[in-house]
Structure formats: structure tokens, C-alpha cells
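Novice: Could you have a look at this structure, given as C-alpha cells, before my questions?
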Amino acid sequence: MALDNESQNQKRNFKVVGTRVQRPDGIDKVTGKARFGADMSAPGMLVGRVLRSPHAHAQIKSIDTSEAEALAGVRAVVTRADFAVIEDDEFTADTLDNCMAGEKALYDGHAVAAVAASSTAIAKKALKLIKVDYEVLPNVTDVDAAMALDAPVLHEGRANETVPAGMSSNVVARHEFGHGDIEAGLAQADRVLERTYRTAATHQGYIEPHACLATMGPDGQADLWCCTQGHYFVRDLCAAILGMKQGQLRVTASEIGGGFGGKTTVFLEPVALALSKKSGRPVKMVMSRSEVLRASGPTASSSIDVRIGMTKDGKITAGFAELRYQGGAYPGSPVEFGAMSAFAPYDLEHVKTVGWDVVSNRPRQAAYRAPGAPMAAYAVESAVDELAKGFGLDPLEVRLKNAAREGTKASYGPTFPAIGLEATLQAAKDHPHWAAPLGENQGRGVACGFWFNFGGNTCVSMSITPDGTVTVSEGNPDIGGSRASMSMMAAEELGISYDRVRTIIADTGSLGMNDVTDGSRVTFAVGLATIKAARAAKAEMCKRAAQVWGIDEDAVIWEDGAAKPAGPNAGEFPPMSLAEIAAIASNTGGPISGHHEVNAEGAGVSFATHMVDTETDPETGAVKILRYTVFQDAGKAVHPDYVEGQFQGGAVQGIGWALNEEYVYGDDGVLQNPIFLDYRVPVASDLPMIDTVILEIPNPGHPYGVRGVGETSIVPPLAAVANAVSESAGVRMTELPMSPPKVLAAMKSK
Amino acid sequence: MRYEAPTTIDDAVRLLTDGSGDRRILAGGTDLLVRMRSDMADPDVIVDIKGIEGFRDITREDGGWRVGAAVSGAEMGEHEALVAAWPGVVEATNLIGSTQVQGRATMAGNLCNASPAADSVPAMVAAGAVARVVGPDGTRDIPVEDIPTGPGRLSLTQGDIIASIFLPDPGAGSSSDAYLRFIPRTEMDIAVVGVGVALTLDDSGTCVAARVGLGAVAPTVLVVEEAANALIGTKVDDAALDAVAAACSAAANPIDDKRGTVEFRVEVSGVLARRAAAIAKTRAGGAA
Amino acid sequence: MSKVHVSTTINGDPVEYLCEADETLLDVLRDRIGLTGSKEGCGTGDCGACSVTVGGRLVCSCLMLGAEAEGQEVETIEGMADGENLHPLQQKFIDHAALQCGICTPGLLVAAKSLLENNPDPTEEEARYWLAGNLCRCTGYDKIIRAVMDAAQEMRGAS
């Protein structure tokens with residue numbers, strides 16, 4: 001079978017891709033049938049519960065579990081002593097330590113013990129019977145305070161070789177990116193703006209708490225059901241922590257009730273497996289909301305210094321940013337992504353960023369939608385806005401003048417291929433929103449954002465059933481409609497209707513390794529593998545047709561869902577449809593399937609421009625979002641509804657980050673707001689409709705031109721909202737969240 | 001733990017006093033169940049008062065409206081005559097939490113939760129509401145402002161049950177009330193500041209009676225007499241509203257916490273008092 | 001601890017159960033009756049994922065005791081469709097892509113149904129305020145509100 005030309009593929013007239021079909025899991029999800037993490041049970045199941053540190057930083061001198069173990073109904077109690085020592089892998093060792101504290105409790109909510117009991121009431125009672133002797137230590141939760149030389153130290157000796165001598169032991173890594181000569185560039189500017197910006201830590205805020213059901217037998221074979229963004233990664237991490245062979249643990253991903261990066265690691269899973277192993281019974285564990293907020297993985301808080309030079313006609317002469325992120329109690333804050341992405345939307349001759357990874361007495365951060373990028377974009381886009389407005393220039397024109405485009409050497413190293421930033425800026429300029437009048441106390445802000453997008457390990461298997469329907473098996477949990485997208489791409493490639501394809505998420509025993517659902521990789525990488533698997537199936541079907549017709553398989557092509565002779569010289573045969581080929585598969589060589597395994601590269605970067613109008617109450621500092629429009633490059637929107645949904649959802653998470661969401665710690669290092677009452681995510685009445693404009697600048701690395709879209713959408717809103725509020729409040733805001741007390745205080749002090 | 005659902009108030013009082021242990025009253029449950037869930041309460045007996053005769057009734061009595069202790073905010077909001085008489089009290093009760101919570105939460109429960117930030121309490125205080133308390137020592141009527149004595153503390157004793165809240169008719173003239181709160185979002189938050197204003201205008205539009213309740217800025221909801229005095233005898237004009245704002249800001253004695261700063265609460269006390277007074281005036285038929 | 005015997009009606013079915021005195025209606029529905037469509041997102045009445053109606057009134061089942069359901073009519077997401085016919089709201093949620101992960105969807109549908117029973121012709125603002133106690137973290141609410149408004153219009157046309 002002759003292969004299609006990719007660039008022609010991208011320009012083809014799509015029949016299924018680009019339409020708005022109904023998702024396959026829709027009915028289960030609107031009728032309550034869909035099974036999420038906490039919805040599974042097993043015969044003889046026990047309830048697992050975790051005892052958590054009430055202290056932000058404490059030496060664990062001893063743990064006495066004897067009374068808990070003696071309580072009727074308690075079947076197992078585990079502490080760190082029940083886990084093996086992990087010596088040669090810092091990431092796995094840190095993950096274990098985060099799941100079950102070792103010598104020290106490092107944050108409020110850190111797990112110190114767990115029980116499995118026959119009922120919730122008994123499990124709760126057992127936790128109260130565990131005696132932990134703590135020696136409370138001084139704590140630090142602020143990033144700048146944690147970098148001070150006299151700050152309480154979490155770990156000694158964790159700084160890597162990039163950290164200069166003489167810094168606090170809490171500083172664990174330094175990252176630097178850029179090119180050119182900053183000082184020379186700044187010297188060419190008519191104005192150099194220097195500002196410090198701060199952002200609070202926020203949580204992904206998925207509505208489904210972490211949950212799992214573990215079963216482990218005395219032979220070491222285990223099954224795990226859990227809500228996760230990556231069940232293969234869960235398998236590998238749990239196996240490493242528990243000293244199991246990966247093949248002995250089968251992980252099945254439940255439906256997942258939101259993740260946004262927060263479900264890319266493990267918290268309960270190794271503990272549930274250990275409890276199941278010790279008790280010999282299935283163990284179910286479900287976090288409460290306060291456990292989720294205290295002890296899962298929020299994102300980093302940040303403190304960022306920016307220096308940008310601009311000429312009076314709006315040319316950026318140089319950009320510098322120093323970023324400090326605390327990522328909780330272990331190394332690994334997303335500051336490197338922040339330092340890489342800060343100036344990505346700009347074509348700069350002189351650019352440099354330095355990022356510092358800092359530990360503090362907070363829960364270990366996990367990925368949160370474009371991890372590290374929103375804070376960096378907030379700082380840079382605020383500064384660019386202030387400079388542009390200071391010169392009386394149009395902020396969209398200034399961005400267009402300096403925009404990264406094809407051929408730009410990005411601040412983080414690579415040279416961009418075809419990208420869509422200018423298209424989003426131009427669309428924003430041409431949109432009626434940009435020209436709409438504003439009233440008193442109202443302001444309009446714009447900002448750009450960027451995300452790299454990932455590819456990664458991907459494995460797809462496609463089976464052609466005897467009646468000519470198709471099942472696609474893939475290994476990435478569907479977090480926002482990806483099963484629909486995979487079915488669409490399979491149908492498109494096979495030339496059959498969407499309703500003849502069903503996509504399922506296979507367990508870890510059924511497919512090769514798949515990387516986590518993260519980095520906006522799924523529609524790109526799994527889509528690519530699905531298309532390639534379909535091509536493999538088509539090649540096989542062409543071969544079968546050739547066999548029936550008695551002609552060479554190279555003389556058969558696939559068109560409109562059927563095998564056909566390639567031309568008049570190949571012979572005169574009527575097209576043989578997929579269903580016809582499937583029906584006689586037993587007689588032509590057996591079942592037909594297609595596979596594709598790849599470590600995908602070529603995930604095209606995605607840019608967005610956001611525009612927002614706000615109104616500020618001059619007497620209370622309350623901010624209302626009046627209008628919001630997202631302009632983003634999707635490469636090719638496979639299912640436009642769900643592309644729009646990603647744009648809207650990211651924008652609103654960003655609005656929450658900008659206005660009201662924050663982790664509030666007291667001096668004692670205890671989280672003050674571990675419930676949704678006081679961790680204030682946006683509610684329906686806070687918002688207008690979120691308008692969207694999808695741009696399609698094809699990604700050369702994907703057969704249909706697809707780019708990931710899920711993460712870029714949270715990058716611009718922090719700065720867009722800040723720029724609007726700064727205008728509507730009449731004072732430049734440099735700290736998030738812009739909660740009413742802060743806005744009112746800023747207005748009164750201007 | 002035991003669950004009891006008595007049908008008479010005598011049985012309820014007996015269940016609350018009969019024997020030892022932690023005995024709690026359940027009406028809407030929107031505070032008690034949260035406390036139980038957060039391990040802040042672990043009662044031995046829960047006494048559900050919703051089945052007691054009259055506890056779910058809104059009744060017109062000589063001289064005022066009586067609202068049963070188990071009447072939810074949503075039920076108040078659906079009672080047209082009550083809304084017409086006390087729009088501020090009803091809106092204050094009916095904006096506690098979500099629609100879901102409004103279907104359960106009660107004024108009496110909101111009062112007995114003894115939070116300084118309780119939404120219905122400043123409005124009740126402004127309305128001059130009186131709680132009817134039934135307990136081991138019989139029945140007595142207590143002004144609502146005398147019931148909470150501090151965060152989480154009440155002047156009531158074990159076995160006392162608030163059976164109803166009485167909203168007395170205002171004196172001669174044209175009366176109305178209003179409640180405003182400040183929250184960071186548009187819904188679902190605890191008040192950072194809450195202000196209830198009730199006032200009566202005579203035929204000339206002069207304010208002849210007023211009460212102002214101020215919440216979330218002190219250990220208990222405040223009765224701000226200086227603010228009421230700033231209204232009485234005026235046409236509730238800009239100068240009077242300025243004086244109301246100044247009196248409420250002066251009366252506020254708040255703390256810094258995760259929901260707001262001292263400076264913010266002092267400032268916004270005045271802003272909301274001014275706005276609430278203006279709304280109450282308009283509702284009472286005063287000229288704009 | 002003594003258990004409470006409760007006779008109630010759930011989605012039209014007569015149901016009896018024994019529950020602990022402190023057990024929430026949500027836990028009864030999920031763990032005793034096997035109706036796992038109602039979700040626990042917070043346990044404190046702040047997210048609405050456990051929304052059900054009791055006696056026709058919208059409540060958070062996490063903020064109500066199982067014991068309180070005695071003699072009541074409880075309706076959950078599992079009772080919303082009529083056999084294989086989806087309720088118009090359910091169909092509109094699918095048509096408008098008003099769900100991404102779907103965890104908040106049961107609670108939002110129950111709350112939206114209650115809205116339209118109380119107010120068949122809501123403004124967008126009324127819909128947003130009625131649904132403010134139902135958190136959704138995926139969609140930014142845009143498509144949810146569109147689905148609710150569209151269902152309201154269709155239901156008005158049908159009646």
C-alpha cells in the first residue's frame with residue numbers, strides 16, 4: 001500500500017475530524033453509571049485510612065501502633081518501617097517518603113501511618129490509638145524566607161552541582177537559559193522596567209479526591225484500581241517502592257474525575273498495596289477534601305524578578321528574569337519550565353533566565369497544567385504590558401512587533417518551526433472584543449502564553465472485528481474526551497463512520513508502556529499512534545484483498561473505507577469494503593489488527609493570546625470578569641467542542657489563580673484553608689461565557705497537523721487578568737491572588 | 001451514637017437533658033454535619049427537631065411574624081408575605097451557602113452556630129428579632145443579640161431549644177430592611193463583613209426608627225446604635241449615609257484572618273452600611 | 001452504637017436500610033444501596049457533587065443523615081432518565097459537550113433539573129446563581145450553562 005504524503009494529509013478534506021460527534025462515555029457520565037476511583041468495591045474489602053502529621057516540620061521520635069493493632073476490626077497497620085529502604089534512586093525514595101514519612105514529617109498533613117479496618121468507624125478510632133512522639137522543629141513555607149541563610153533546613157546535601165556554595169541547603173537546583181548579552185541589550189532601551197512579582201501556591205482543584213482499591217496476594221501478584229493520569233507510571237512507581245516486579249502488578253485506570261497534572265504521581269496507592277499485602281484483604285482508600293488540599297500536590301508559589309528594556313517604539317531590547325519557586329518538601333519544583341517558557345513568545349536578541357528550585361515545609365508539588373509556565377508568563381507579560389502602556393503603545397502591536405515566529409531562536413534553545421503566535425495576536429486585534437467600549441472602573445488586559453507540548457512513549461492496538469467494527473485500545477486515561485478523538489482519527493484514517501469505532505483504555509497488562517496523560521500529549525501522540533495503527537490495519541486489509549484478487553499487494557490502495565485496485569493495470573475488481581474483508585478474515589490468514597508503538601517526537605508548541613475585561617469596585621476592591629476571549633492555535637482541532645472546552649477550562653483556572661485561589665499558611669506552618677469553602681475556586685456565578693477562537697496552523701510533526709491544546713490555556717490568564725485589573729483599578733498589581741483586600745489596599749495607597 | 005426524632009418539644013428537651021454525653025440539636029444540619037465530618041464534633045445523641053409540631057411553620061401572630069426553628073431559608077424565600085415584610089432578613093438567611101444548603105439551613109441554626117460571620121444574624125439583630133427558647137426551666141423570649149456570647153459560645157444551657165424566631169412588626173410608618181455582605185466570590189463564601197439595616201420612615205420620609213447590625217467584625221454581631229442614631233431624624237440623605245458609614249467603620253473591631261484584613265473589614269463595614277441603608281430606604285418608599 | 005432502621009423511597013423504589021446514626025445519606029446511597037452516581041467531592045456541602053432531591057428539594061446528600069430520609073422521596077441521578085430515554089438535560093449535556101471528566105455531572109444535572117422545576121424560564125444569571133454550589137473544574141461552566149439554557153427552552157416548547 002502506498003503511504004500518503006503527510007503535508008497533503010494535513011490539507012485533506014476531513015470527513016470525521018473537525019466534526020462535533022457525541023462522546024462514547026457520555027451516556028454513562030450523565031446517568032451516574034461511570035465508575036470513578038471511589039466507585040469500585042471488592043468482596044471482603046477493608047477501609048484504609050491515613051494518620052497525618054499535625055506539624056509542618058517535626059522529628060518523628062517514635063510511633064507506637066500496638067493499641068491500634070489490638071483494636072477489634074483492625075487488620076493491618078503500616079508505618080515507614082513496613083517499607084524497604086530505597087538507596088539508589090532519589091526520585092523513588094522521595095516518592096516513598098512523601099507517601100509515608102521517614103525520620104521527619106516535612107509538612108502539615110504528611111502521612112506518618114495507615115490502618116486497614118473492617119469499617120470506617122473502626123479505622124478512624126484506630127488512628128486515634130496510634131501514638132506518635134514528635135519533636136516539633138521550626139518551619140518555613142515562604143520561598144524567599146526558605147532561601148535565607150538562617151532558614152530552617154529540611155534536608156542536608158540535596159543541592160545538585162548547579163547550586164553555588166554558600167546558599168541555604170533549601171536551594172537544591174539552579175537552571176539558566178538564554179542567549180546574547182543582557183546588559184548590552186538593556187543599554188539600547190529607552191526604558192528599563194524592574195519589578196518583582198509574587199504568586200501564591202494553587203491547587204489543581206479536581207473535584208474527585210484521590211481513591212484506589214488494592215489487592216495483593218501472598219504470591220506477590222497484585223491488582224490496583226485507581227484514578228490516575230497514568231496507570232503505567234503508577235505501576236512502575238508502586239513496583240519500585242514495594243520491591244515488586246512490574247509484571248506482577250496490573251493497574252486499571254478508573255474514570256478520572258479531573259487531574260490537571262495532580263494525578264501524575266502516587267499518594268495512597270503504595271500504602272493501599274502495603275496494607276493489602278499485610279492484611280491479605282482488598283483495601284480501599286479514598287482521600288477527604290482536606291487530605292487532598294493538605295497532602296496531595298499543589299503547584300509552586302513563586303517570587304520573580306524581571307528586567308525588561310524597551311525602546312519608545314515598542315521594540316524589546318533585552319529580557320531578564322530570575323525565578324524562585326518553592327515546590328514543597330522535596331526537590332523538583334517546575335522552575336525549569338518557568339525559566340524555559342518565560343520569554344518564549346518573544347523574538348529576542350538578548351535574553352536570559354535563571355531559575356532556583358527551593359524546598360519548604362509544604363506538600364510536594366505535582367504538575368499543574370503547564371507546570372511552572374503561568375507564573376513566569378504572569379511576570380513577563382505584566383512587565384511588557386506596563387512598558388507598552390507607559391509609552392502609550394497598543395499592547396497587541398507591541399507583542400506583534402516582538403513576536404516569535406518561524407525561524408525565531410527560542411529563549412530556551414530551539415529554533416521554532418511554523419508556529420501560531422502571530423495568528424492569535426492578529427485574530428485578537430481583528431476581534432470585536434478588542435474594539436468594544438469600556439465603562440467607568442473597567443479595564444481590558446491581554447497576554448500571551450506558550451507551552452512546549454510533549455510526545456512520549458505510546459502504544460495503540462486496533463482490532464478489526466469480524467462484523468467490520470473497530471476497537472481501539474490505548475493506554476492513556478481519558479480526562480476530557482480523548483476516546484472520542486481517538487475514535488474520530490481511527491474512523492478518518494480507515495474511511496468508516498465514527499459510530500463503527502469504539503475506543504477503550506486498556507490496563508497495564510494489555511498494552512506496552514504508555515507515558516502519563518500529561519504535557520498535552522494525548523491527542524497528539526496517541527492520535528498519531530492511532531493513525532499509524534490504522535495504517536497498519538489498512539495495509540493488512542489491502543494485502544488480504546490482493547490475496548483474494550490474486551494480484552500484487554502493492555497494486556491495492558485504500559480509499560473511502562475499502563480496498564481498491566490501484567489503477568486499470570492492476571485489474572478490474574469492485575472495491576472490497578472493510579466489513580467484507582473482515583467477514584472473510586478467517587479464510588485469508590486470520591484476525592486483522594493494527595498496532596503502533598512509538599516514542600513520539602514532533603509535538604508542536606502551542607501559543608495563545610487571551611483578552612479579558614474586568615470591572616473593579618472602587619469601594620471594596622472586588623473584581624468582576626465582564627468578558628473573556630481566548631485565541632489559541634490548535635494545529636488541527638480534532639473535536640472542536642473539546643478543544644473549546646480546554647480553552648475555557650484553562651482560562652477559568654487561570655482566573656481563579658489570578659483572583660482568589662491561594663494556599664494560606666499560618667506561622668505554625670499549618671494550612672489554614674483546607675476546604676473548598678475557603679480555597680476559592682471560581683463558581684458559575686463568578687463568570688461570563690468564555691468566548692473562543694480556534695486557530696489552525698498545522699503541526700508538521702503530526703499526520704493531521706494536531707498540536708496539544710490542554711495546557712497553553714492556563715498560561716496567559718494570570719497576566720491578562722492582572723493587566724485588566726491594573727487598568728480598572730488604576731494601579732499596577734504585582735502579587736497574586738488579587739483578592740479584594742489587596743486590590744483595595746493598592747487603590748488606597750496609589 | 002443515637003439518632004432521635006421527637007415529635008414534641010417536651011420530648012426533645014428530655015432527650016437533650018436525660019443522661020450524660022454530648023447531645024446535639026439537628027435542624028438543617030449544615031453546620032453540625034460539617035463539624036462531625038471534620039472531627040470537630042462527635043455527639044452521643046443527635047436530636048432532630050424537624051418533626052416537632054409547629055417547628056416548620058411560618059405564622060402570622062398578633063404583632064409580628066413567627067418563624068419556626070426548622071424553617072429553611074428557601075422556605076422563607078417562598079413565603080411572599082414574609083418576604084414583603086422582611087426582605088432583608090429573608091435574603092440574609094437565603095444566601096447562606098448554595099441552593100442546596102439554602103434548602104436545609106435555618107435562621108435558628110445559623111444563630112446557634114454562634115459564628116460572628118453568620119449571615120442571618122445582623123439582619124435579625126436589625127429587625128429586633130426575639131428568639132423563643134424552651135428548656136428545662138420553661139419558656140422565655142430572648143433578643144437574638146443576647147444569644148451568642150462569642151465564637152462558638154451561647155448564653156443558652158443544655159436542654160434549651162430555640163423553638164422559633166419572632167420578627168416584631170415595626171411601629172407606625174413605612175418600614176423595610178436590607179442585608180448586604182462582602183464575599184470574595186459571588187456565592188459560596190463566608191461573610192467578610194455583613195450589615196443589616198432596618199428602618200421606618202414617616203409620611204414625610206423622615207426616619208423615625210432604625211436598627212443596624214454589623215457582623216464578622218467582632219466576636220459577636222454588633223448592634224451599632226451610633227449608626228441607627230445617625231439615621232433617625234434624617235431623610236436618610238447623603239450626609240446621614242456618610243454618618244452611618246463612619247459609625248459602622250468606627251464600631252468594627254475585627255481581626256486579620258484568611259478571609260480579610262483588619263483594614264479591609266473596617267473600610268468595607270462603612271461601605272456596606274451605607275449601601276444597605278440606601279436599599280432599606282428605597283424599599284421603605286423613601287425618595288431616591 | 002445502635003443502628004437506625006429507615007423506610008424510604010429512592011427513585012420511586014421502596015427501600016429499607018439500617019444505617020449508623022451519624023452516617024450521611026451520601027454514604028448510605030453509595031455504600032449501602034449501591035447508587036454510586038452521587039459523588040463525594042468535599043463532604044462539607046461546598047461542591048455539590050452529591051446533590052440529590054429529598055421531598056422535591058435540592059440538598060447535598062453529604063449534609064444530611066441517612067436517618068433523616070425516613071418517609072421521604074429521594075431522587076438521585078440514577079432516577080433521572082426514564083428507562084432508555086434520557087432526560088432533556090442529560091441529552092443536552094452530551095450535545096453541548098458540557099462535561100469533560102464527568103465527576104461533577106451527576107450533581108449538576110440533579111441541580112439543573114431542580115432549577116427548571118422551580119423556574120422553567122431562567123435567565124443566564126439565575127441559572128449561574130442556582131448552580132453556584134456545583135463546582136466544575138474542567139469546563140469553566142460555559143458549555144454547562146449553554147446546555148441548561150437550551151434544555152430549558154426545549155422543555156418549555158414541549159410542555
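Just so we're on the same page: first chain in the C-alpha cells is A, next is B, and so on; residues restart at 1 for each chain, and ligands are numbered from 1 in the order they show up.
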Extract, using only C-alpha atoms, all DNA, RNA and protein residues at most 7 Å from stretch 582-591 of chain A, discarding same-chain residues fewer than 5 positions from it, and format them as a PyMOL selection string.
Specialist: chain A and resi 464-468+544
Novice: Just to be explicit: take each residue in the selection above, keep N, CA and C atoms, and write the result as a PDB file, in the first residue's frame.
Specialist:
ATOM      1  N   ILE A 464      -9.864  -5.253  14.221  1.00  0.00           N
ATOM      2  CA  ILE A 464     -10.984  -5.223  13.280  1.00  0.00           C
ATOM      3  C   ILE A 464     -11.854  -6.438  13.613  1.00  0.00           C
ATOM      4  N   THR A 465     -13.063  -6.204  14.039  1.00  0.00           N
ATOM      5  CA  THR A 465     -13.917  -7.330  14.431  1.00  0.00           C
ATOM      6  C   THR A 465     -14.492  -8.001  13.193  1.00  0.00           C
ATOM      7  N   PRO A 466     -14.959  -9.251  13.354  1.00  0.00           N
ATOM      8  CA  PRO A 466     -15.477  -9.969  12.169  1.00  0.00           C
ATOM      9  C   PRO A 466     -16.648  -9.249  11.489  1.00  0.00           C
ATOM     10  N   ASP A 467     -17.411  -8.446  12.223  1.00  0.00           N
ATOM     11  CA  ASP A 467     -18.528  -7.764  11.555  1.00  0.00           C
ATOM     12  C   ASP A 467     -18.144  -6.379  11.034  1.00  0.00           C
ATOM     13  N   GLY A 468     -16.870  -6.063  11.079  1.00  0.00           N
ATOM     14  CA  GLY A 468     -16.428  -4.827  10.445  1.00  0.00           C
ATOM     15  C   GLY A 468     -16.521  -3.601  11.329  1.00  0.00           C
ATOM     16  N   ARG A 544      -4.915  -8.607   2.223  1.00  0.00           N
ATOM     17  CA  ARG A 544      -5.936  -9.657   2.139  1.00  0.00           C
ATOM     18  C   ARG A 544      -6.733  -9.537   0.827  1.00  0.00           C
TER      19      ARG A 544
END
Novice: Using only C-alpha atoms, select each residue of chain A with any atom at most 8 Å away from an atom of chain C, and give the selection as a VMD selection string.
Specialist: chain A and resid 22 to 23 26 to 27 29 to 36 39 205 to 209 255 to 258 288 to 290 478 to 481 641 to 642 645 to 646 648 to 653 675 to 677 681 to 685 688 to 690
Novice: Excluding same-chain residues fewer than 3 positions from stretch 51-54 of chain C, what lies within 7 Å of it counting only C-alpha atoms, as a ChimeraX atom specification?
Specialist: /C:38,48,57-61,72-76,107,110-111
Novice: Select all residues from chain B having any atom no more than 12 Å from an atom of chain A (counting only C-alpha atoms, ignoring ligands), output as JSON, numbers by chain.
Specialist: {"B": [1, 34, 37, 38, 39, 42, 96, 97, 98, 181, 182, 183, 184, 185, 186, 187, 188, 189, 190, 191, 192, 193, 245, 256, 257, 258, 259, 260, 261, 262, 263, 264, 265, 266, 267, 268, 269, 270, 271, 272, 274, 275]}
Novice: Compute the set of chain B residues within 10 Å of chain C, using only C-alpha atoms, and express it as an NGL selection string.
Specialist: :B and (1-5 or 26 or 28-38 or 42-46 or 48 or 50 or 74 or 97-104 or 186-189)
Novice: Write out as a PDB file with N, CA and C atoms, in the first residue's frame the residues lying within 6 Å of A:Arg444, counting only C-alpha atoms and excluding same-chain residues fewer than 4 positions away.
Specialist:
ATOM      1  N   VAL A 612      -9.272  40.006  28.226  1.00  0.00           N
ATOM      2  CA  VAL A 612     -10.278  39.991  29.291  1.00  0.00           C
ATOM      3  C   VAL A 612     -10.638  41.420  29.696  1.00  0.00           C
ATOM      4  N   ASP A 613     -11.920  41.613  30.001  1.00  0.00           N
ATOM      5  CA  ASP A 613     -12.393  42.887  30.554  1.00  0.00           C
ATOM      6  C   ASP A 613     -12.790  42.668  32.008  1.00  0.00           C
ATOM      7  N   ALA A 724      -5.704  43.703  33.126  1.00  0.00           N
ATOM      8  CA  ALA A 724      -7.030  44.337  33.112  1.00  0.00           C
ATOM      9  C   ALA A 724      -7.333  44.995  34.456  1.00  0.00           C
TER      10      ALA A 724
END
Novice: I'd like the contact shell of A:Ala111 - 9 Å cut-off, only C-alpha atoms, skipping same-chain residues fewer than 4 positions apart - returned as a short mmCIF file (atom, residue, chain, number, x, y, z; two decimals) with N, CA, C and O atoms, in the first residue's frame.
Specialist:
data_model
loop_
_atom_site.label_atom_id
_atom_site.label_comp_id
_atom_site.auth_asym_id
_atom_site.auth_seq_id
_atom_site.Cartn_x
_atom_site.Cartn_y
_atom_site.Cartn_z
N VAL A 50 -5.37 7.11 56.65
CA VAL A 50 -4.01 7.59 56.88
C VAL A 50 -3.97 8.51 58.10
O VAL A 50 -4.83 9.38 58.24
N LEU A 51 -2.98 8.32 58.95
CA LEU A 51 -2.71 9.27 60.04
C LEU A 51 -1.72 10.30 59.52
O LEU A 51 -0.70 9.94 58.93
N ARG A 52 -2.04 11.57 59.73
CA ARG A 52 -1.23 12.64 59.13
C ARG A 52 -0.63 13.56 60.18
O ARG A 52 -1.25 13.79 61.22
N SER A 53 0.52 14.07 59.90
CA SER A 53 1.21 14.96 60.84
C SER A 53 0.43 16.26 61.01
O SER A 53 0.06 16.89 60.03
N THR A 79 3.63 1.59 58.91
CA THR A 79 4.40 2.83 59.04
C THR A 79 5.57 2.69 58.06
O THR A 79 5.68 1.68 57.34
N ASP A 97 8.95 8.57 50.60
CA ASP A 97 8.97 9.42 51.80
C ASP A 97 7.74 10.33 51.84
O ASP A 97 7.22 10.63 52.92
N ASN A 98 7.30 10.75 50.67
CA ASN A 98 6.11 11.60 50.60
C ASN A 98 4.85 10.79 50.91
O ASN A 98 3.91 11.31 51.52
N CYS A 99 4.84 9.52 50.50
CA CYS A 99 3.67 8.67 50.78
C CYS A 99 3.64 8.23 52.24
O CYS A 99 2.56 7.95 52.78
N MET A 100 4.79 8.11 52.85
CA MET A 100 4.88 7.67 54.25
C MET A 100 6.17 8.23 54.83
O MET A 100 7.26 7.83 54.43
N ALA A 101 6.03 9.15 55.79
CA ALA A 101 7.19 9.87 56.29
C ALA A 101 8.19 8.94 56.96
O ALA A 101 7.81 7.94 57.60
N ALA A 105 8.53 14.43 59.70
CA ALA A 105 7.34 14.93 59.00
C ALA A 105 7.72 16.28 58.43
O ALA A 105 8.24 17.14 59.14
N ALA A 295 -2.33 17.41 51.47
CA ALA A 295 -1.29 16.41 51.27
C ALA A 295 -1.23 15.79 49.88
O ALA A 295 -0.60 14.76 49.70
#
Novice: Run DSSP on the backbone and give me the residues of stretch 9-153 of chain C it puts in strand (DSSP E or B), as a list in words.
Specialist: Thr9, Ile10, Asp13, Pro14, Val15, Glu16, Tyr17, Leu18, Cys19, Thr24, Ser51, Val52, Thr53, Val54, Arg57, Leu58, Val59, Cys60, Leu65, Glu73, Val74, Glu75, Asp82 and Asn85 of chain C
Novice: Residues within 12 Å of A:Ile122, please, as number ranges by chain. Count only C-alpha atoms; anything in the same chain fewer than 2 positions from it doesn't count.
Specialist: A: 46-49, 68-76, 115-120, 124-129; C: 1
Novice: Please extract the residues of stretch 134-273 of chain B with a backbone DSSP assignment of helix (DSSP H, G or I) and present them as a PyMOL selection string.
Specialist: chain B and resi 144-146+225-231+238-251+262-273
Novice: Which polymer residues have any atom within 12 Å of an atom of C:Val15, counting only C-alpha atoms, with same-chain residues fewer than 4 positions away left out, as a ChimeraX atom specification?
Specialist: /C:5-11,28-29,32-33,69-74
Novice: Measure the distance from atom CA of B:Asp160 to atom CA of B:Asp137 in Å and round it to one decimal.
Specialist: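 Rounded to one decimal, the two atoms are 8.5 Å apart.
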